[in-house]
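**Student:** Data file structure09.pdb (PDB, N, CA and C atoms) is appended below.
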ATOM      1  N   MET A   2       0.821  -1.194   0.000
ATOM      2  CA  MET A   2       0.000   0.000   0.000
ATOM      3  C   MET A   2       0.867   1.261   0.000
ATOM      4  N   GLU A   3       1.927   1.212   0.802
ATOM      5  CA  GLU A   3       2.786   2.387   0.894
ATOM      6  C   GLU A   3       3.567   2.609  -0.400
ATOM      7  N   ALA A   4       3.959   1.518  -1.081
ATOM      8  CA  ALA A   4       4.670   1.649  -2.356
ATOM      9  C   ALA A   4       3.766   2.275  -3.412
ATOM     10  N   LEU A   5       2.478   1.960  -3.352
ATOM     11  CA  LEU A   5       1.520   2.541  -4.287
ATOM     12  C   LEU A   5       1.416   4.049  -4.082
ATOM     13  N   ASN A   6       1.394   4.486  -2.828
ATOM     14  CA  ASN A   6       1.332   5.914  -2.531
ATOM     15  C   ASN A   6       2.592   6.634  -2.988
ATOM     16  N   LEU A   7       3.740   5.979  -2.838
ATOM     17  CA  LEU A   7       4.998   6.582  -3.273
ATOM     18  C   LEU A   7       5.011   6.754  -4.788
ATOM     19  N   GLU A   8       4.551   5.755  -5.512
ATOM     20  CA  GLU A   8       4.503   5.860  -6.974
ATOM     21  C   GLU A   8       3.515   6.940  -7.414
ATOM     22  N   ALA A   9       2.393   7.034  -6.721
ATOM     23  CA  ALA A   9       1.419   8.076  -7.043
ATOM     24  C   ALA A   9       2.002   9.459  -6.796
ATOM     25  N   MET A  10       2.716   9.620  -5.696
ATOM     26  CA  MET A  10       3.351  10.904  -5.396
ATOM     27  C   MET A  10       4.415  11.256  -6.426
ATOM     28  N   LYS A  11       5.176  10.259  -6.866
ATOM     29  CA  LYS A  11       6.180  10.511  -7.897
ATOM     30  C   LYS A  11       5.526  10.956  -9.199
ATOM     31  N   SER A  12       4.418  10.319  -9.558
ATOM     32  CA  SER A  12       3.715  10.687 -10.789
ATOM     33  C   SER A  12       3.147  12.095 -10.707
ATOM     34  N   ILE A  13       2.554  12.426  -9.577
ATOM     35  CA  ILE A  13       2.004  13.770  -9.396
ATOM     36  C   ILE A  13       3.115  14.806  -9.384
ATOM     37  N   SER A  14       4.213  14.492  -8.726
ATOM     38  CA  SER A  14       5.352  15.421  -8.689
ATOM     39  C   SER A  14       5.917  15.650 -10.071
ATOM     40  N   MET A  15       6.023  14.590 -10.853
ATOM     41  CA  MET A  15       6.527  14.732 -12.222
ATOM     42  C   MET A  15       5.600  15.627 -13.034
ATOM     43  N   ALA A  16       4.291  15.405 -12.900
ATOM     44  CA  ALA A  16       3.331  16.214 -13.651
ATOM     45  C   ALA A  16       3.420  17.683 -13.271
ATOM     46  N   ILE A  17       3.575  17.968 -11.995
ATOM     47  CA  ILE A  17       3.668  19.357 -11.547
ATOM     48  C   ILE A  17       4.948  20.006 -12.047
ATOM     49  N   VAL A  18       6.074  19.304 -11.912
ATOM     50  CA  VAL A  18       7.360  19.857 -12.335
ATOM     51  C   VAL A  18       7.368  20.121 -13.838
ATOM     52  N   VAL A  19       6.914  19.166 -14.630
ATOM     53  CA  VAL A  19       6.920  19.339 -16.080
ATOM     54  C   VAL A  19       5.921  20.419 -16.482
ATOM     55  N   GLY A  20       4.751  20.422 -15.860
ATOM     56  CA  GLY A  20       3.753  21.439 -16.188
ATOM     57  C   GLY A  20       4.233  22.843 -15.905
ATOM     58  N   LEU A  21       4.793  23.048 -14.722
ATOM     59  CA  LEU A  21       5.308  24.374 -14.385
ATOM     60  C   LEU A  21       6.557  24.718 -15.192
ATOM     61  N   GLY A  22       7.358  23.696 -15.495
ATOM     62  CA  GLY A  22       8.572  23.933 -16.276
ATOM     63  C   GLY A  22       8.305  24.284 -17.725
ATOM     64  N   MET A  23       7.131  23.959 -18.216
ATOM     65  CA  MET A  23       6.783  24.273 -19.609
ATOM     66  C   MET A  23       6.167  25.657 -19.765
ATOM     67  N   ILE A  24       5.695  26.238 -18.682
ATOM     68  CA  ILE A  24       5.045  27.548 -18.781
ATOM     69  C   ILE A  24       6.033  28.618 -19.256
ATOM     70  N   GLY A  25       7.214  28.645 -18.680
ATOM     71  CA  GLY A  25       8.205  29.656 -19.052
ATOM     72  C   GLY A  25       8.620  29.577 -20.512
ATOM     73  N   PRO A  26       9.054  28.411 -20.981
ATOM     74  CA  PRO A  26       9.425  28.313 -22.395
ATOM     75  C   PRO A  26       8.266  28.604 -23.350
ATOM     76  N   ALA A  27       7.048  28.221 -22.980
ATOM     77  CA  ALA A  27       5.898  28.499 -23.847
ATOM     78  C   ALA A  27       5.676  30.002 -23.972
ATOM     79  N   LEU A  28       5.718  30.703 -22.863
ATOM     80  CA  LEU A  28       5.576  32.159 -22.909
ATOM     81  C   LEU A  28       6.747  32.801 -23.645
ATOM     82  N   GLY A  29       7.945  32.291 -23.398
ATOM     83  CA  GLY A  29       9.134  32.843 -24.059
ATOM     84  C   GLY A  29       9.084  32.704 -25.568
ATOM     85  N   ILE A  30       8.695  31.531 -26.048
ATOM     86  CA  ILE A  30       8.613  31.317 -27.492
ATOM     87  C   ILE A  30       7.502  32.175 -28.090
ATOM     88  N   GLY A  31       6.390  32.296 -27.398
ATOM     89  CA  GLY A  31       5.305  33.134 -27.893
ATOM     90  C   GLY A  31       5.720  34.589 -28.029
ATOM     91  N   ILE A  32       6.369  35.108 -27.016
ATOM     92  CA  ILE A  32       6.833  36.499 -27.059
ATOM     93  C   ILE A  32       7.909  36.677 -28.129
ATOM     94  N   LEU A  33       8.815  35.717 -28.223
ATOM     95  CA  LEU A  33       9.904  35.798 -29.190
ATOM     96  C   LEU A  33       9.378  35.842 -30.622
ATOM     97  N   VAL A  34       8.461  34.951 -30.948
ATOM     98  CA  VAL A  34       7.913  34.917 -32.305
ATOM     99  C   VAL A  34       7.080  36.164 -32.574
ATOM    100  N   SER A  35       6.337  36.605 -31.587
ATOM    101  CA  SER A  35       5.531  37.811 -31.745
ATOM    102  C   SER A  35       6.400  39.016 -32.073
ATOM    103  N   LYS A  36       7.464  39.192 -31.321
ATOM    104  CA  LYS A  36       8.350  40.338 -31.554
ATOM    105  C   LYS A  36       9.103  40.207 -32.874
ATOM    106  N   ALA A  37       9.445  38.984 -33.248
ATOM    107  CA  ALA A  37      10.130  38.790 -34.531
ATOM    108  C   ALA A  37       9.202  39.154 -35.689
ATOM    109  N   LEU A  38       7.943  38.732 -35.619
ATOM    110  CA  LEU A  38       6.991  39.075 -36.673
ATOM    111  C   LEU A  38       6.740  40.575 -36.715
ATOM    112  N   GLU A  39       6.706  41.198 -35.552
ATOM    113  CA  GLU A  39       6.549  42.649 -35.504
ATOM    114  C   GLU A  39       7.737  43.353 -36.149
ATOM    115  N   ALA A  40       8.941  42.853 -35.863
ATOM    116  CA  ALA A  40      10.139  43.448 -36.450
ATOM    117  C   ALA A  40      10.179  43.250 -37.962
ATOM    118  N   ILE A  41       9.770  42.082 -38.433
ATOM    119  CA  ILE A  41       9.735  41.831 -39.877
ATOM    120  C   ILE A  41       8.699  42.741 -40.534
ATOM    121  N   GLY A  42       7.581  42.966 -39.862
ATOM    122  CA  GLY A  42       6.566  43.873 -40.399
ATOM    123  C   GLY A  42       7.068  45.297 -40.514
ATOM    124  N   ARG A  43       7.923  45.702 -39.599
ATOM    125  CA  ARG A  43       8.464  47.059 -39.638
ATOM    126  C   ARG A  43       9.607  47.205 -40.640
ATOM    127  N   ASN A  44      10.382  46.128 -40.803
ATOM    128  CA  ASN A  44      11.542  46.188 -41.701
ATOM    129  C   ASN A  44      11.649  44.871 -42.471
ATOM    130  N   PRO A  45      10.900  44.733 -43.549
ATOM    131  CA  PRO A  45      10.896  43.462 -44.288
ATOM    132  C   PRO A  45      12.256  43.099 -44.903
ATOM    133  N   ASP A  46      13.103  44.085 -45.134
ATOM    134  CA  ASP A  46      14.414  43.794 -45.722
ATOM    135  C   ASP A  46      15.311  43.003 -44.777
ATOM    136  N   ALA A  47      15.067  43.091 -43.480
ATOM    137  CA  ALA A  47      15.893  42.393 -42.492
ATOM    138  C   ALA A  47      15.298  41.050 -42.089
ATOM    139  N   ALA A  48      14.363  40.538 -42.871
ATOM    140  CA  ALA A  48      13.658  39.308 -42.492
ATOM    141  C   ALA A  48      14.609  38.125 -42.311
ATOM    142  N   GLY A  49      15.613  38.012 -43.167
ATOM    143  CA  GLY A  49      16.551  36.884 -43.063
ATOM    144  C   GLY A  49      17.302  36.872 -41.752
ATOM    145  N   LYS A  50      17.850  38.025 -41.356
ATOM    146  CA  LYS A  50      18.595  38.108 -40.094
ATOM    147  C   LYS A  50      17.674  37.889 -38.896
ATOM    148  N   ILE A  51      16.481  38.445 -38.973
ATOM    149  CA  ILE A  51      15.543  38.315 -37.853
ATOM    150  C   ILE A  51      15.115  36.862 -37.690
ATOM    151  N   GLN A  52      14.809  36.194 -38.802
ATOM    152  CA  GLN A  52      14.386  34.787 -38.715
ATOM    153  C   GLN A  52      15.497  33.906 -38.176
ATOM    154  N   THR A  53      16.719  34.158 -38.612
ATOM    155  CA  THR A  53      17.847  33.360 -38.109
ATOM    156  C   THR A  53      17.980  33.501 -36.605
ATOM    157  N   ASN A  54      17.953  34.745 -36.125
ATOM    158  CA  ASN A  54      18.064  34.965 -34.679
ATOM    159  C   ASN A  54      16.853  34.419 -33.936
ATOM    160  N   MET A  55      15.674  34.483 -34.566
ATOM    161  CA  MET A  55      14.475  33.947 -33.940
ATOM    162  C   MET A  55      14.604  32.439 -33.734
ATOM    163  N   PHE A  56      15.069  31.726 -34.760
ATOM    164  CA  PHE A  56      15.196  30.274 -34.638
ATOM    165  C   PHE A  56      16.258  29.884 -33.622
ATOM    166  N   ILE A  57      17.333  30.641 -33.521
ATOM    167  CA  ILE A  57      18.349  30.369 -32.498
ATOM    168  C   ILE A  57      17.747  30.580 -31.111
ATOM    169  N   GLY A  58      16.991  31.646 -30.947
ATOM    170  CA  GLY A  58      16.331  31.906 -29.670
ATOM    171  C   GLY A  58      15.322  30.832 -29.309
ATOM    172  N   ILE A  59      14.574  30.361 -30.305
ATOM    173  CA  ILE A  59      13.613  29.284 -30.063
ATOM    174  C   ILE A  59      14.333  28.017 -29.609
ATOM    175  N   ALA A  60      15.472  27.714 -30.227
ATOM    176  CA  ALA A  60      16.221  26.516 -29.848
ATOM    177  C   ALA A  60      16.703  26.599 -28.399
ATOM    178  N   PHE A  61      17.226  27.757 -28.003
ATOM    179  CA  PHE A  61      17.690  27.909 -26.624
ATOM    180  C   PHE A  61      16.533  27.859 -25.637
ATOM    181  N   THR A  62      15.414  28.451 -25.995
ATOM    182  CA  THR A  62      14.255  28.431 -25.114
ATOM    183  C   THR A  62      13.683  27.024 -24.995
ATOM    184  N   GLU A  63      13.670  26.307 -26.098
ATOM    185  CA  GLU A  63      13.165  24.928 -26.087
ATOM    186  C   GLU A  63      14.054  24.021 -25.238
ATOM    187  N   ALA A  64      15.339  24.355 -25.145
ATOM    188  CA  ALA A  64      16.247  23.574 -24.302
ATOM    189  C   ALA A  64      15.795  23.622 -22.842
ATOM    190  N   LEU A  65      15.255  24.752 -22.407
ATOM    191  CA  LEU A  65      14.756  24.848 -21.035
ATOM    192  C   LEU A  65      13.591  23.895 -20.808
ATOM    193  N   ALA A  66      12.744  23.756 -21.811
ATOM    194  CA  ALA A  66      11.626  22.817 -21.696
ATOM    195  C   ALA A  66      12.142  21.381 -21.603
ATOM    196  N   ILE A  67      13.170  21.075 -22.355
ATOM    197  CA  ILE A  67      13.752  19.731 -22.306
ATOM    198  C   ILE A  67      14.356  19.466 -20.929
ATOM    199  N   PHE A  68      14.981  20.482 -20.325
ATOM    200  CA  PHE A  68      15.514  20.321 -18.971
ATOM    201  C   PHE A  68      14.394  20.016 -17.983
ATOM    202  N   ALA A  69      13.241  20.658 -18.148
ATOM    203  CA  ALA A  69      12.103  20.395 -17.259
ATOM    204  C   ALA A  69      11.642  18.952 -17.397
ATOM    205  N   ILE A  70      11.614  18.450 -18.620
ATOM    206  CA  ILE A  70      11.219  17.051 -18.831
ATOM    207  C   ILE A  70      12.228  16.103 -18.186
ATOM    208  N   VAL A  71      13.506  16.404 -18.326
ATOM    209  CA  VAL A  71      14.550  15.557 -17.737
ATOM    210  C   VAL A  71      14.420  15.536 -16.214
ATOM    211  N   VAL A  72      14.196  16.699 -15.609
ATOM    212  CA  VAL A  72      14.030  16.744 -14.153
ATOM    213  C   VAL A  72      12.787  15.949 -13.743
ATOM    214  N   GLY A  73      11.737  16.052 -14.535
ATOM    215  CA  GLY A  73      10.532  15.268 -14.248
ATOM    216  C   GLY A  73      10.801  13.774 -14.282
ATOM    217  N   PHE A  74      11.555  13.315 -15.275
ATOM    218  CA  PHE A  74      11.886  11.894 -15.345
ATOM    219  C   PHE A  74      12.802  11.473 -14.196
ATOM    220  N   ILE A  75      13.696  12.355 -13.782
ATOM    221  CA  ILE A  75      14.553  12.027 -12.628
ATOM    222  C   ILE A  75      13.700  11.850 -11.384
ATOM    223  N   ILE A  76      12.723  12.724 -11.216
ATOM    224  CA  ILE A  76      11.826  12.594 -10.061
ATOM    225  C   ILE A  76      11.031  11.303 -10.147
ATOM    226  N   LYS A  77      10.524  10.999 -11.329
ATOM    227  CA  LYS A  77       9.660   9.818 -11.505
ATOM    228  C   LYS A  77      10.432   8.514 -11.317
ATOM    229  N   PHE A  78      11.595   8.403 -11.931
ATOM    230  CA  PHE A  78      12.306   7.125 -11.947
ATOM    231  C   PHE A  78      13.541   7.099 -11.052
ATOM    232  N   GLY A  79      13.827   8.194 -10.377
ATOM    233  CA  GLY A  79      15.030   8.261  -9.543
ATOM    234  C   GLY A  79      14.820   7.735  -8.154
TER
END
If you convert what's in this file into structure tokens, what do you get?

**Tutor:**
Amino acid sequence: MEALNLEAMKSISMAIVVGLGMIGPALGIGILVSKALEAIGRNPDAAGKIQTNMFIGIAFTEALAIFAIVVGFIIKFG
């Protein structure tokens, strides 16, 4: 019975950690893409440079989400 409660707590903890860990990157990517589109709208000639920097920023922001998933798995299976 106690092992069942421990597994349930690990599952709930993983869900909370991953859920909260995804909020930041989701907001970051949304703001990043929004500002990039705004910048392209203001200066269409710089679209190539803006898109390149946008994709690099998205990759770094997405890495934070991957770290949240890894921490969640450590909690679940550690």

**Student:** I need the residue set behind the PyMOL selection byres (((chain A and resi 76 and name CA) around 12) and name CA) for this file; please write it as a list of chain:residue names.

**Tutor:**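 This file gives the following for the PyMOL selection byres (((chain A and resi 76 and name CA) around 12) and name CA): A:Leu7, A:Glu8, A:Ala9, A:Met10, A:Lys11, A:Ser12, A:Ile13, A:Ser14, A:Met15, A:Ala16, A:Ile17, A:Val18, A:Val19, A:Ala69, A:Ile70, A:Val71, A:Val72, A:Gly73, A:Phe74, A:Ile75, A:Lys77, A:Phe78, A:Gly79.
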
**Student:** Just the number, please: distance in Å from atom CA of Glu39 of chain A to atom CA of Gly20 of chain A, one decimal.

**Tutor:**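 These atoms are spaced 28.8 Å apart.
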
**Student:** State, in Å with one decimal place, the distance from atom N of Gly31 of chain A to atom CA of Ile59 of chain A.

**Tutor:** 8.3 Å

**Student:** Report as a ChimeraX atom specification all protein, DNA and RNA residues lying within 8 Å of Thr62 of chain A, evaluated on all atoms listed in the file, omitting residues in the same chain fewer than 2 positions from it.

**Tutor:** /A:25-27,29-30,56-60,64-67

**Student:** Separation of atom CA of Leu38 of chain A and atom C of Met23 of chain A, in Å?

**Tutor:** 21.6 Å

**Student:** When distances are computed from all atoms listed in the file, which of A:Phe68, A:Val34, A:Gly42, A:Leu28 shows the smallest separation from Met55 of chain A?

**Tutor:**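 Of the candidates, the smallest distance to Met55 of chain A is held by A:Val34.
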
**Student:** Of the candidates A:Ile24, A:Asn44, A:Ser35, A:Ile51, which shows the shortest atom-to-atom distance to Glu63 of chain A, using only C-alpha atoms?

**Tutor:**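 Of A:Ile24, A:Asn44, A:Ser35, A:Ile51, the one nearest Glu63 of chain A, counting only C-alpha atoms, is A:Ile24.
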